[in-house]
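**Student:** Provided herewith is a single structure, encoded as structure tokens, for subsequent inquiry.
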Amino acid sequence: MASMALALTAVGAPALYSCIGIVLILTICYIFYPAYKCKKGGLGCTESILAGDKSNSNSGGDDLLSLIIPAYNEEERLPIMLDESLGYLNKDRENLTQLFYAAIGNNHQRTNKSLIKYEIIIVDDGSSDNTCNVVRKYAATLTSGDTIKLISMHQNVGKGGAVKTGMLRSLGQLCLMVDADGATDITDGFPKLLREMHVLNSKDRNNTNTPPKSVVFGSRAHLEKDSKASRSKVRTFLMHAFHFFVKALCSPRIKDTQCGFKLFTRSAAISLFTNLHLRRWAFDTELVVIAEKLHISVSEVGVIWHEIDGSKLDGGKLSLALVSLGMLRDMLCVRACYFFGIWKMYSI
């Protein structure tokens, strides 16, 4: 019996080592898959100006604010979000002009002609529904004189890829990333982000004469205690697990990386999104890593946020767990790629 056990052990050991080796290889391939996808390229798109002055389509200005809205199959929620957001932006344009110029450090005397203008960029991420036509019909009704651009990705590239494309094609001095569902109350959040941007940029201007590089994250962290009562135990566990890994792998400074409401200065947007590699849900975590490595000022401000029906993450517990696992994989990929020098960082 003893000799038989030894014989089985001798035969089984190589098989066990082979299995371990295969598992390790598959794990490494899984972790580095986002880097492979990024290497393949695939951010081809078509840009159309649907409203506004097409003759000045390639020139920005000190009075231009860009809104970048990634959209994937948003034919139902997008028109509601645009109505609410643009209605507020037009109605409160005078007050927002004051906050905008303070944020970018331009406090000269203004006339009515120097009110800020809006560049609304909707990035359709390969939608299979009627999103593009909805945007075209909406643009035809716009009477404010602001610009609406539709960027159509040639294929679905993920939220990160869509936001990157929109940011790098925007022209505004400040760039606001807004989710298409309108979950963040823009009437509350946007003035807060502008005021915080003014604080960050005032500090930067005291230290350097170069254009300030600053980012303000809208945050739902202050809502966690209230939302726990309505969340399942699985969702609560996954939320805490995600926050733990964000702190461990990205940064302990930002409590909520995933809120789809962020404000960037022009210089920060160019530096961050030129270096961005991740293309799907976890791209926000890479932005934090890049910002820290490039010494870009980052702050976080609490905003009012509401759950909106139709979330892309409403696919059940298994779907949510798989998305969470994918986001953890992406964070590990970011750390590994920068640590081993697979991804380079460029100061722009």
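Just so we're on the same page: first chain in the structure tokens is A, next is B, and so on; residues restart at 1 for each chain, and ligands are numbered from 1 in the order they show up.
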To test your reading of the structure, identify every residue in range 12-78 of chain A that backbone DSSP assigns to strand (DSSP E), and report it as number ranges by chain.

**Tutor:** A: 45-51, 64-71

**Student:** Can you pull out every residue within 7 Å of Leu176 in chain A, counting only C-alpha atoms, but drop anything in the same chain fewer than 4 positions away, and send it as JSON, numbers by chain?

**Tutor:** {"A": [66, 67, 68, 262, 263, 264]}

**Student:** In Å, how far is it from CA of Thr165 in chain A to CA of Ala71 in chain A?

**Tutor:**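 Computed distance, CA of Thr165 in chain A to CA of Ala71 in chain A, equals 12.3 Å.
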
**Student:** Could you pull the residues within 8 Å of range 138-152 of chain A, counting only C-alpha atoms, minus those fewer than 5 positions along the same chain, as a PDB file with N, CA and C atoms, in the first residue's frame?

**Tutor:**
```
ATOM      1  N   CYS A  45     -13.864  56.794 -35.052  1.00  0.00           N
ATOM      2  CA  CYS A  45     -15.153  57.428 -34.835  1.00  0.00           C
ATOM      3  C   CYS A  45     -15.452  58.412 -35.966  1.00  0.00           C
ATOM      4  N   THR A  46     -16.698  58.864 -36.013  1.00  0.00           N
ATOM      5  CA  THR A  46     -17.142  59.892 -36.948  1.00  0.00           C
ATOM      6  C   THR A  46     -17.762  61.027 -36.150  1.00  0.00           C
ATOM      7  N   GLU A  47     -17.353  62.256 -36.447  1.00  0.00           N
ATOM      8  CA  GLU A  47     -17.842  63.419 -35.698  1.00  0.00           C
ATOM      9  C   GLU A  47     -18.731  64.288 -36.582  1.00  0.00           C
ATOM     10  N   SER A  48     -19.866  64.690 -36.038  1.00  0.00           N
ATOM     11  CA  SER A  48     -20.797  65.557 -36.761  1.00  0.00           C
ATOM     12  C   SER A  48     -21.202  66.717 -35.857  1.00  0.00           C
ATOM     13  N   ILE A  49     -21.218  67.927 -36.413  1.00  0.00           N
ATOM     14  CA  ILE A  49     -21.705  69.100 -35.688  1.00  0.00           C
ATOM     15  C   ILE A  49     -23.168  69.284 -36.064  1.00  0.00           C
ATOM     16  N   LEU A  50     -24.050  69.103 -35.103  1.00  0.00           N
ATOM     17  CA  LEU A  50     -25.481  69.114 -35.370  1.00  0.00           C
ATOM     18  C   LEU A  50     -26.125  70.468 -35.102  1.00  0.00           C
ATOM     19  N   ALA A  51     -25.477  71.275 -34.262  1.00  0.00           N
ATOM     20  CA  ALA A  51     -26.015  72.602 -33.940  1.00  0.00           C
ATOM     21  C   ALA A  51     -24.862  73.498 -33.536  1.00  0.00           C
ATOM     22  N   GLY A  52     -25.031  74.807 -33.769  1.00  0.00           N
ATOM     23  CA  GLY A  52     -23.991  75.758 -33.413  1.00  0.00           C
ATOM     24  C   GLY A  52     -23.269  76.281 -34.635  1.00  0.00           C
ATOM     25  N   ASP A  53     -22.223  77.075 -34.392  1.00  0.00           N
ATOM     26  CA  ASP A  53     -21.453  77.720 -35.453  1.00  0.00           C
ATOM     27  C   ASP A  53     -20.391  76.761 -35.984  1.00  0.00           C
ATOM     28  N   PRO A  79     -32.801  61.967 -23.791  1.00  0.00           N
ATOM     29  CA  PRO A  79     -33.565  63.208 -23.993  1.00  0.00           C
ATOM     30  C   PRO A  79     -34.001  63.861 -22.688  1.00  0.00           C
ATOM     31  N   ASN A  90     -28.972  76.907 -19.393  1.00  0.00           N
ATOM     32  CA  ASN A  90     -29.431  78.129 -20.058  1.00  0.00           C
ATOM     33  C   ASN A  90     -30.055  79.109 -19.066  1.00  0.00           C
ATOM     34  N   LYS A 117     -20.335  79.885 -23.250  1.00  0.00           N
ATOM     35  CA  LYS A 117     -21.009  79.083 -24.257  1.00  0.00           C
ATOM     36  C   LYS A 117     -20.793  77.612 -23.918  1.00  0.00           C
ATOM     37  N   TYR A 118     -21.703  76.783 -24.398  1.00  0.00           N
ATOM     38  CA  TYR A 118     -21.643  75.355 -24.108  1.00  0.00           C
ATOM     39  C   TYR A 118     -21.365  74.550 -25.376  1.00  0.00           C
ATOM     40  N   GLU A 119     -20.480  73.587 -25.217  1.00  0.00           N
ATOM     41  CA  GLU A 119     -20.214  72.605 -26.267  1.00  0.00           C
ATOM     42  C   GLU A 119     -20.660  71.254 -25.727  1.00  0.00           C
ATOM     43  N   ILE A 120     -21.783  70.756 -26.233  1.00  0.00           N
ATOM     44  CA  ILE A 120     -22.326  69.487 -25.748  1.00  0.00           C
ATOM     45  C   ILE A 120     -21.891  68.384 -26.700  1.00  0.00           C
ATOM     46  N   ILE A 121     -21.099  67.456 -26.177  1.00  0.00           N
ATOM     47  CA  ILE A 121     -20.563  66.361 -26.989  1.00  0.00           C
ATOM     48  C   ILE A 121     -21.179  65.057 -26.517  1.00  0.00           C
ATOM     49  N   ILE A 122     -22.017  64.457 -27.356  1.00  0.00           N
ATOM     50  CA  ILE A 122     -22.579  63.139 -27.049  1.00  0.00           C
ATOM     51  C   ILE A 122     -21.764  62.106 -27.813  1.00  0.00           C
ATOM     52  N   VAL A 123     -21.201  61.161 -27.090  1.00  0.00           N
ATOM     53  CA  VAL A 123     -20.390  60.111 -27.713  1.00  0.00           C
ATOM     54  C   VAL A 123     -21.201  58.826 -27.730  1.00  0.00           C
ATOM     55  N   ASP A 124     -21.691  58.477 -28.894  1.00  0.00           N
ATOM     56  CA  ASP A 124     -22.466  57.243 -29.036  1.00  0.00           C
ATOM     57  C   ASP A 124     -21.509  56.063 -29.152  1.00  0.00           C
ATOM     58  N   ASP A 125     -21.567  55.177 -28.174  1.00  0.00           N
ATOM     59  CA  ASP A 125     -20.606  54.076 -28.089  1.00  0.00           C
ATOM     60  C   ASP A 125     -21.120  52.819 -28.804  1.00  0.00           C
ATOM     61  N   GLY A 126     -21.377  52.956 -30.096  1.00  0.00           N
ATOM     62  CA  GLY A 126     -21.810  51.796 -30.874  1.00  0.00           C
ATOM     63  C   GLY A 126     -23.179  51.283 -30.483  1.00  0.00           C
ATOM     64  N   CYS A 132     -28.541  57.689 -31.798  1.00  0.00           N
ATOM     65  CA  CYS A 132     -28.019  58.707 -32.724  1.00  0.00           C
ATOM     66  C   CYS A 132     -29.135  59.573 -33.306  1.00  0.00           C
ATOM     67  N   GLY A 166     -14.269  61.668 -26.472  1.00  0.00           N
ATOM     68  CA  GLY A 166     -14.958  62.942 -26.334  1.00  0.00           C
ATOM     69  C   GLY A 166     -14.091  64.020 -25.715  1.00  0.00           C
TER      70      GLY A 166
END
```

**Student:** Could you check which of A:Ala103, A:Ala221, A:Val298, A:Met327 is closest to Asp256 in chain A, using only C-alpha atoms?

**Tutor:**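 When distances to Asp256 in chain A are compared using only C-alpha atoms, the smallest one comes from A:Ala221.
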
**Student:** Tell me which of A:Val199, A:Cys175, A:Leu82, A:Ile296 sits closest to Lys213 in chain A, counting only C-alpha atoms.

**Tutor:** A:Ile296

**Student:** How many Å separate CA of Pro34 in chain A from CA of His154 in chain A?

**Tutor:**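 The value is 19.1 Å.
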
**Student:** Write out as a list in words the set of residues from range 259-314 of chain A that DSSP, computed on the backbone, places in alpha helix (DSSP H).

**Tutor:**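 Matching residues for alpha helix (DSSP H) in range 259-314 of chain A are Arg266, Ser267, Ala268, Ala269, Ile270, Ser271, Leu272, Phe273, Thr274, Asn275, Phe283, Asp284, Thr285, Glu286, Leu287, Val288, Val289, Ile290, Ala291, Glu292 and Lys293 of chain A.
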
**Student:** Considering only C-alpha atoms, return as a short mmCIF file (atom, residue, chain, number, x, y, z; two decimals) with all heavy atoms, in the first residue's frame whatever protein or nucleic-acid residues lie within 12 Å of Tyr88 in chain A, sequence-local ones (same chain, fewer than 4 positions apart) excluded.

**Tutor:**
```
data_model
loop_
_atom_site.label_atom_id
_atom_site.label_comp_id
_atom_site.auth_asym_id
_atom_site.auth_seq_id
_atom_site.Cartn_x
_atom_site.Cartn_y
_atom_site.Cartn_z
N MET A 81 -32.42 63.64 -19.79
CA MET A 81 -31.22 64.22 -19.19
C MET A 81 -30.85 65.54 -19.89
O MET A 81 -30.49 66.53 -19.24
CB MET A 81 -30.07 63.22 -19.28
CG MET A 81 -28.73 63.72 -18.80
SD MET A 81 -27.77 64.43 -20.16
CE MET A 81 -26.29 64.91 -19.29
N LEU A 82 -30.93 65.57 -21.22
CA LEU A 82 -30.58 66.78 -21.96
C LEU A 82 -31.56 67.90 -21.65
O LEU A 82 -31.16 69.07 -21.49
CB LEU A 82 -30.57 66.48 -23.47
CG LEU A 82 -29.41 65.61 -23.97
CD1 LEU A 82 -29.60 65.27 -25.44
CD2 LEU A 82 -28.06 66.31 -23.76
N ASP A 83 -32.84 67.60 -21.56
CA ASP A 83 -33.83 68.62 -21.23
C ASP A 83 -33.53 69.25 -19.87
O ASP A 83 -33.52 70.49 -19.73
CB ASP A 83 -35.23 68.01 -21.20
CG ASP A 83 -35.87 67.93 -22.58
OD1 ASP A 83 -35.44 68.70 -23.46
OD2 ASP A 83 -36.78 67.10 -22.77
N GLU A 84 -33.28 68.41 -18.89
CA GLU A 84 -33.03 68.91 -17.54
C GLU A 84 -31.72 69.68 -17.46
O GLU A 84 -31.65 70.77 -16.87
CB GLU A 84 -33.03 67.75 -16.55
CG GLU A 84 -34.40 67.08 -16.39
CD GLU A 84 -34.35 65.89 -15.47
OE1 GLU A 84 -33.23 65.48 -15.06
OE2 GLU A 84 -35.43 65.34 -15.13
N ASP A 92 -29.53 79.40 -15.83
CA ASP A 92 -28.59 79.93 -14.83
C ASP A 92 -27.25 80.32 -15.47
O ASP A 92 -26.22 80.33 -14.80
CB ASP A 92 -28.36 78.86 -13.75
CG ASP A 92 -28.07 79.48 -12.39
OD1 ASP A 92 -28.49 80.63 -12.16
OD2 ASP A 92 -27.41 78.83 -11.57
N ARG A 93 -27.26 80.68 -16.75
CA ARG A 93 -26.02 80.96 -17.47
C ARG A 93 -25.23 82.12 -16.85
O ARG A 93 -24.00 82.07 -16.79
CB ARG A 93 -26.31 81.26 -18.94
CG ARG A 93 -25.07 81.23 -19.84
CD ARG A 93 -25.42 81.62 -21.28
NE ARG A 93 -26.33 80.68 -21.91
CZ ARG A 93 -25.99 79.82 -22.85
NH1 ARG A 93 -24.74 79.77 -23.28
NH2 ARG A 93 -26.89 79.01 -23.39
N GLU A 94 -25.91 83.15 -16.40
CA GLU A 94 -25.23 84.31 -15.82
C GLU A 94 -24.46 83.93 -14.56
O GLU A 94 -23.27 84.27 -14.40
CB GLU A 94 -26.24 85.42 -15.51
CG GLU A 94 -25.64 86.64 -14.81
CD GLU A 94 -24.61 87.37 -15.67
OE1 GLU A 94 -24.79 87.44 -16.89
OE2 GLU A 94 -23.60 87.84 -15.09
N ASN A 95 -25.10 83.21 -13.66
CA ASN A 95 -24.44 82.79 -12.42
C ASN A 95 -23.31 81.81 -12.71
O ASN A 95 -22.22 81.90 -12.12
CB ASN A 95 -25.45 82.15 -11.48
CG ASN A 95 -24.82 81.69 -10.17
OD1 ASN A 95 -24.11 82.44 -9.51
ND2 ASN A 95 -25.08 80.44 -9.81
N LEU A 96 -23.55 80.88 -13.63
CA LEU A 96 -22.51 79.91 -13.99
C LEU A 96 -21.33 80.58 -14.67
O LEU A 96 -20.19 80.12 -14.55
CB LEU A 96 -23.10 78.81 -14.89
CG LEU A 96 -24.13 77.90 -14.22
CD1 LEU A 96 -24.75 76.94 -15.24
CD2 LEU A 96 -23.49 77.11 -13.07
N ASP A 185 -27.66 65.27 -9.77
CA ASP A 185 -28.42 66.52 -9.89
C ASP A 185 -27.46 67.64 -10.31
O ASP A 185 -26.68 68.13 -9.50
CB ASP A 185 -29.08 66.85 -8.55
CG ASP A 185 -29.96 68.09 -8.61
OD1 ASP A 185 -29.92 68.81 -9.63
OD2 ASP A 185 -30.69 68.33 -7.63
N ILE A 186 -27.53 68.05 -11.57
CA ILE A 186 -26.60 69.04 -12.09
C ILE A 186 -26.81 70.41 -11.45
O ILE A 186 -25.86 71.19 -11.30
CB ILE A 186 -26.70 69.14 -13.63
CG1 ILE A 186 -25.52 69.95 -14.19
CG2 ILE A 186 -28.04 69.73 -14.05
CD1 ILE A 186 -25.43 69.90 -15.70
N THR A 187 -28.03 70.71 -11.03
CA THR A 187 -28.29 72.01 -10.39
C THR A 187 -27.58 72.12 -9.05
O THR A 187 -27.24 73.21 -8.60
CB THR A 187 -29.80 72.23 -10.19
OG1 THR A 187 -30.31 71.27 -9.26
CG2 THR A 187 -30.53 72.09 -11.51
N ASP A 188 -27.37 71.00 -8.41
CA ASP A 188 -26.63 70.97 -7.14
C ASP A 188 -25.14 70.75 -7.38
O ASP A 188 -24.29 71.45 -6.80
CB ASP A 188 -27.17 69.84 -6.25
CG ASP A 188 -26.24 69.50 -5.10
OD1 ASP A 188 -26.24 70.23 -4.09
OD2 ASP A 188 -25.49 68.50 -5.23
N GLY A 189 -24.81 69.79 -8.24
CA GLY A 189 -23.43 69.35 -8.38
C GLY A 189 -22.52 70.29 -9.15
O GLY A 189 -21.37 70.50 -8.75
N PHE A 190 -23.02 70.88 -10.24
CA PHE A 190 -22.14 71.68 -11.08
C PHE A 190 -21.60 72.93 -10.37
O PHE A 190 -20.40 73.21 -10.43
CB PHE A 190 -22.84 72.04 -12.39
CG PHE A 190 -21.92 72.65 -13.41
CD1 PHE A 190 -20.60 72.23 -13.54
CD2 PHE A 190 -22.37 73.65 -14.26
CE1 PHE A 190 -19.75 72.80 -14.49
CE2 PHE A 190 -21.54 74.22 -15.21
CZ PHE A 190 -20.22 73.79 -15.31
N PRO A 191 -22.44 73.72 -9.70
CA PRO A 191 -21.88 74.86 -8.96
C PRO A 191 -20.86 74.44 -7.90
O PRO A 191 -19.85 75.12 -7.69
CB PRO A 191 -23.12 75.50 -8.31
CG PRO A 191 -24.26 75.09 -9.17
CD PRO A 191 -23.91 73.70 -9.64
#
```

**Student:** Point out the residue among A:Asp284, A:Glu292, A:Glu74, A:Glu300 with the least atom-to-atom distance to Asn133 in chain A, counting only C-alpha atoms.

**Tutor:**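 Looking only at the distances to Asn133 in chain A, the closest residue turns out to be A:Glu74.
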
**Student:** A:Val303, A:Val246, A:Leu99, A:Met153: which is nearest Leu65 in chain A, counting only C-alpha atoms?

**Tutor:**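 Of A:Val303, A:Val246, A:Leu99, A:Met153, the one nearest Leu65 in chain A is A:Leu99, counting only C-alpha atoms.
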
**Student:** Give me, please, the distance in Å between CA of Ser202 in chain A and CA of Val301 in chain A, quoted to one decimal.

**Tutor:**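 Computing it gives 16.8 Å between the two atoms.
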
**Student:** Using only C-alpha atoms, which residue out of A:Ile342, A:Ile69, A:Ile304, A:Leu24 lies closest to Val135 in chain A?

**Tutor:** A:Ile69
